[in-house]
Each structure stands twice: as structure tokens, then as C-alpha cells.
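Novice: My structure file final_31.cif, mmCIF, C-alpha atoms; chains and numbers go by the auth columns, is below:
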```cif
data_my_file
loop_
_atom_site.group_PDB
_atom_site.id
_atom_site.type_symbol
_atom_site.label_atom_id
_atom_site.label_comp_id
_atom_site.label_asym_id
_atom_site.label_seq_id
_atom_site.Cartn_x
_atom_site.Cartn_y
_atom_site.Cartn_z
_atom_site.B_iso_or_equiv
_atom_site.auth_seq_id
_atom_site.auth_asym_id
ATOM 1 C CA VAL A 1 149.943 132.059 107.176 0.00 1 W
ATOM 2 C CA GLU A 2 150.197 128.280 107.041 0.00 2 W
ATOM 3 C CA TYR A 3 146.954 127.903 105.080 0.00 3 W
ATOM 4 C CA TYR A 4 147.990 130.562 102.584 0.00 4 W
ATOM 5 C CA ASP A 5 150.389 128.094 100.925 0.00 5 W
ATOM 6 C CA HIS A 6 147.398 126.017 99.848 0.00 6 W
ATOM 7 C CA LEU A 7 145.162 128.936 98.874 0.00 7 W
ATOM 8 C CA ALA A 8 147.591 131.469 97.361 0.00 8 W
ATOM 9 C CA GLU A 9 146.568 130.885 93.744 0.00 9 W
ATOM 10 C CA TYR A 10 142.941 131.721 94.622 0.00 10 W
ATOM 11 C CA VAL A 11 143.542 134.910 96.636 0.00 11 W
ATOM 12 C CA ALA A 12 142.633 138.033 94.667 0.00 12 W
ATOM 13 C CA HIS A 13 142.336 140.506 97.550 0.00 13 W
ATOM 14 C CA ALA A 14 142.974 140.605 101.284 0.00 14 W
ATOM 15 C CA HIS A 15 141.354 142.241 104.290 0.00 15 W
ATOM 16 C CA LEU A 16 143.784 143.471 106.936 0.00 16 W
ATOM 17 C CA LYS A 17 142.297 143.199 110.396 0.00 17 W
ATOM 18 C CA GLU A 18 144.072 143.586 113.737 0.00 18 W
ATOM 19 C CA VAL A 19 143.234 141.653 116.877 0.00 19 W
ATOM 20 C CA GLY A 20 144.425 142.191 120.429 0.00 20 W
ATOM 21 C CA ARG A 21 143.538 141.043 123.939 0.00 21 W
ATOM 22 C CA ALA A 22 141.067 142.899 126.103 0.00 22 W
ATOM 23 C CA PRO A 23 141.849 143.262 129.829 0.00 23 W
ATOM 24 C CA ASP A 24 139.660 140.211 130.529 0.00 24 W
ATOM 25 C CA GLY A 25 141.729 138.104 128.090 0.00 25 W
ATOM 26 C CA THR A 26 139.174 137.904 125.293 0.00 26 W
ATOM 27 C CA LEU A 27 140.127 138.753 121.724 0.00 27 W
ATOM 28 C CA THR A 28 139.040 142.155 120.513 0.00 28 W
ATOM 29 C CA GLU A 29 139.347 144.154 117.291 0.00 29 W
ATOM 30 C CA CYS A 30 141.701 147.118 117.290 0.00 30 W
ATOM 31 C CA CYS A 31 143.499 149.413 114.852 0.00 31 W
ATOM 32 C CA PRO A 32 146.497 147.935 113.010 0.00 32 W
ATOM 33 C CA GLY A 33 149.601 148.324 115.129 0.00 33 W
ATOM 34 C CA ASN A 34 147.732 148.073 118.423 0.00 34 W
ATOM 35 C CA GLY A 35 147.330 144.300 118.537 0.00 35 W
ATOM 36 C CA SER A 36 149.238 141.090 117.999 0.00 36 W
ATOM 37 C CA VAL A 37 148.971 140.389 114.246 0.00 37 W
ATOM 38 C CA ASP A 38 152.397 140.023 112.603 0.00 38 W
ATOM 39 C CA PHE A 39 151.604 141.918 109.399 0.00 39 W
ATOM 40 C CA GLN A 40 155.269 141.945 108.344 0.00 40 W
ATOM 41 C CA ARG A 41 155.311 138.137 108.292 0.00 41 W
ATOM 42 C CA ILE A 42 152.008 138.014 106.438 0.00 42 W
ATOM 43 C CA PHE A 43 153.138 140.538 103.798 0.00 43 W
ATOM 44 C CA ARG A 44 156.407 138.684 103.197 0.00 44 W
ATOM 45 C CA HIS A 45 154.556 135.411 102.805 0.00 45 W
ATOM 46 C CA MET A 46 152.080 136.950 100.371 0.00 46 W
ATOM 47 C CA ARG A 47 154.897 138.470 98.315 0.00 47 W
ATOM 48 C CA ARG A 48 156.730 135.126 98.131 0.00 48 W
ATOM 49 C CA HIS A 49 153.592 133.674 96.596 0.00 49 W
ATOM 50 C CA GLY A 50 153.283 136.517 94.080 0.00 50 W
ATOM 51 C CA PHE A 51 150.300 138.360 95.570 0.00 51 W
ATOM 52 C CA GLU A 52 149.564 141.496 93.557 0.00 52 W
ATOM 53 C CA GLY A 53 145.944 142.083 94.515 0.00 53 W
ATOM 54 C CA PHE A 54 144.172 144.749 96.481 0.00 54 W
ATOM 55 C CA MET A 55 144.139 145.057 100.258 0.00 55 W
ATOM 56 C CA ALA A 56 141.449 146.592 102.441 0.00 56 W
ATOM 57 C CA ILE A 57 142.105 147.826 105.962 0.00 57 W
ATOM 58 C CA GLU A 58 139.379 146.869 108.418 0.00 58 W
ATOM 59 C CA LEU A 59 138.916 149.156 111.389 0.00 59 W
ATOM 60 C CA PRO A 60 136.754 148.382 114.406 0.00 60 W
ATOM 61 C CA PRO A 61 133.541 150.413 114.646 0.00 61 W
ATOM 62 C CA ASP A 62 134.601 152.111 117.882 0.00 62 W
ATOM 63 C CA PHE A 63 132.361 155.139 118.096 0.00 63 W
ATOM 64 C CA SER A 64 133.612 155.933 121.601 0.00 64 W
ATOM 65 C CA ALA A 65 137.225 156.307 120.433 0.00 65 W
ATOM 66 C CA GLU A 66 138.864 159.666 120.971 0.00 66 W
ATOM 67 C CA GLU A 67 140.246 159.655 117.411 0.00 67 W
ATOM 68 C CA SER A 68 138.050 160.305 114.402 0.00 68 W
ATOM 69 C CA ILE A 69 137.699 157.618 111.745 0.00 69 W
ATOM 70 C CA GLY A 70 139.988 159.711 109.537 0.00 70 W
ATOM 71 C CA GLU A 71 142.666 159.745 112.230 0.00 71 W
ATOM 72 C CA ARG A 72 142.359 155.975 112.695 0.00 72 W
ATOM 73 C CA VAL A 73 142.656 155.404 108.932 0.00 73 W
ATOM 74 C CA HIS A 74 145.738 157.636 108.855 0.00 74 W
ATOM 75 C CA GLN A 75 147.255 155.747 111.810 0.00 75 W
ATOM 76 C CA ALA A 76 146.607 152.369 110.143 0.00 76 W
ATOM 77 C CA VAL A 77 148.057 153.437 106.787 0.00 77 W
ATOM 78 C CA ASN A 78 151.136 154.941 108.481 0.00 78 W
ATOM 79 C CA TYR A 79 151.707 151.708 110.378 0.00 79 W
ATOM 80 C CA LEU A 80 151.093 149.269 107.509 0.00 80 W
ATOM 81 C CA THR A 81 152.793 151.082 104.607 0.00 81 W
ATOM 82 C CA PRO A 82 156.396 150.686 105.842 0.00 82 W
ATOM 83 C CA LEU A 83 155.750 147.008 106.654 0.00 83 W
ATOM 84 C CA LEU A 84 154.423 146.441 103.154 0.00 84 W
ATOM 85 C CA GLU A 85 157.325 148.335 101.571 0.00 85 W
ATOM 86 C CA ARG A 86 159.863 146.249 103.546 0.00 86 W
ATOM 87 C CA SER A 87 158.267 143.058 102.228 0.00 87 W
ATOM 88 C CA ILE A 88 159.138 143.963 98.622 0.00 88 W
ATOM 89 C CA PRO A 89 162.283 142.099 97.538 0.00 89 W
#
```
If you convert what's in this file into C-alpha cells, what do you get?
Specialist:
Amino acid sequence: VEYYDHLAEYVAHAHLKEVGRAPDGTLTECCPGNGSVDFQRIFRHMRRHGFEGFMAIELPPDFSAEESIGERVHQAVNYLTPLLERSIP
């Protein structure tokens, strides 16, 4: 978020990617809401700087997951939408 202050005028779109810790302590990709990214803080910061661009949700290519890609997309959208809505003044 700290670097966004310097780059805000150049940001036209954003990719939303979640990261968590694997059992061995390494960083790993996961679905939004299952990691440690503070999306609420990020959204508020982007709004303060007037961001009105597009956002893309990045999901990890976990082909062994029990959920289908459609279910993971639905989960991510359901998690992120209220956070985004709460960031609107």
C-alpha cells in the first residue's frame, strides 16, 4: 500500500491475488479470504486515490482442489464484494 501513493496516477487496473502461509512457513497462493492480504485496507487506499479502474481476481491453479473453478470464483467474489462496497465513502 505504501508504494501506491507514488504510483496511483499510473494505475489503470489491479490484479487481486491472495497469499497465505503453507504448513512449512513458505508463502503460497490461495483463494481470496483464505490468506493474509488485507483487501479492505487496499480497497480503501485505492478509493482515497480515486481509483476507478478494473480489477481482476487471480486464483491459484489448484487442480487438486475439491471445489470447481466456478465455486472458487464464486467464493472469491462473495468475499471481496462486501469489502469493496465498504470502501466506498
Novice: For the file shown, what are the residues hit by the PyMOL selection byres ((chain W and resi 11) around 10), laid out as a list in words?
Specialist: Tyr4, Leu7, Ala8, Glu9, Tyr10, Ala12, His13, Ala14, Met46, Phe51, Glu52, Gly53 and Phe54 of chain W
Novice: Extract, using only C-alpha atoms, all DNA, RNA and protein residues at most 9 Å from His15 of chain W, discarding same-chain residues fewer than 3 positions from it, and format them as a PyMOL selection string.
Specialist: chain W and resi 54-58
Novice: Using C-alpha atoms, can you write the selected residues to a file as a tab-separated table (two decimals), in the coordinates of the input?
Specialist:
```tsv
chain	number	residue	atom	x	y	z
W	54	PHE	CA	144.17	144.75	96.48
W	55	MET	CA	144.14	145.06	100.26
W	56	ALA	CA	141.45	146.59	102.44
W	57	ILE	CA	142.10	147.83	105.96
W	58	GLU	CA	139.38	146.87	108.42
```
Novice: Grab the atom CA of Pro60 of chain W to atom CA of Ser87 of chain W distance for me, in Å with one decimal place.
Specialist: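 Straight-line distance from atom CA of Pro60 of chain W to atom CA of Ser87 of chain W works out to 25.3 Å.
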Novice: Could you name the residues that touch segment 35-38 of chain W at 10 Å or less, counting only C-alpha atoms, but leaving out those on the same chain fewer than 2 positions away, as a list in words?
Specialist: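 Neighbouring residues, sequence-local ones excluded: Val1, Leu16, Lys17, Glu18, Val19, Gly20, Arg21, Ala22, Leu27, Thr28, Glu29, Cys30, Cys31, Pro32, Gly33, Gln40, Arg41, Ile42, Phe43 and Leu83 of chain W.
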Novice: Taking all atoms listed in the file into account, name the residue in W:Leu80, W:Pro89, W:Glu66, W:Glu71 that is nearest to Arg47 of chain W.
Specialist: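 Smallest separation from Arg47 of chain W among the options: W:Pro89.
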Novice: At what distance in Å, to one decimal, does atom CA of Glu2 of chain W lie from atom CA of Tyr79 of chain W?
Specialist: 23.7 Å
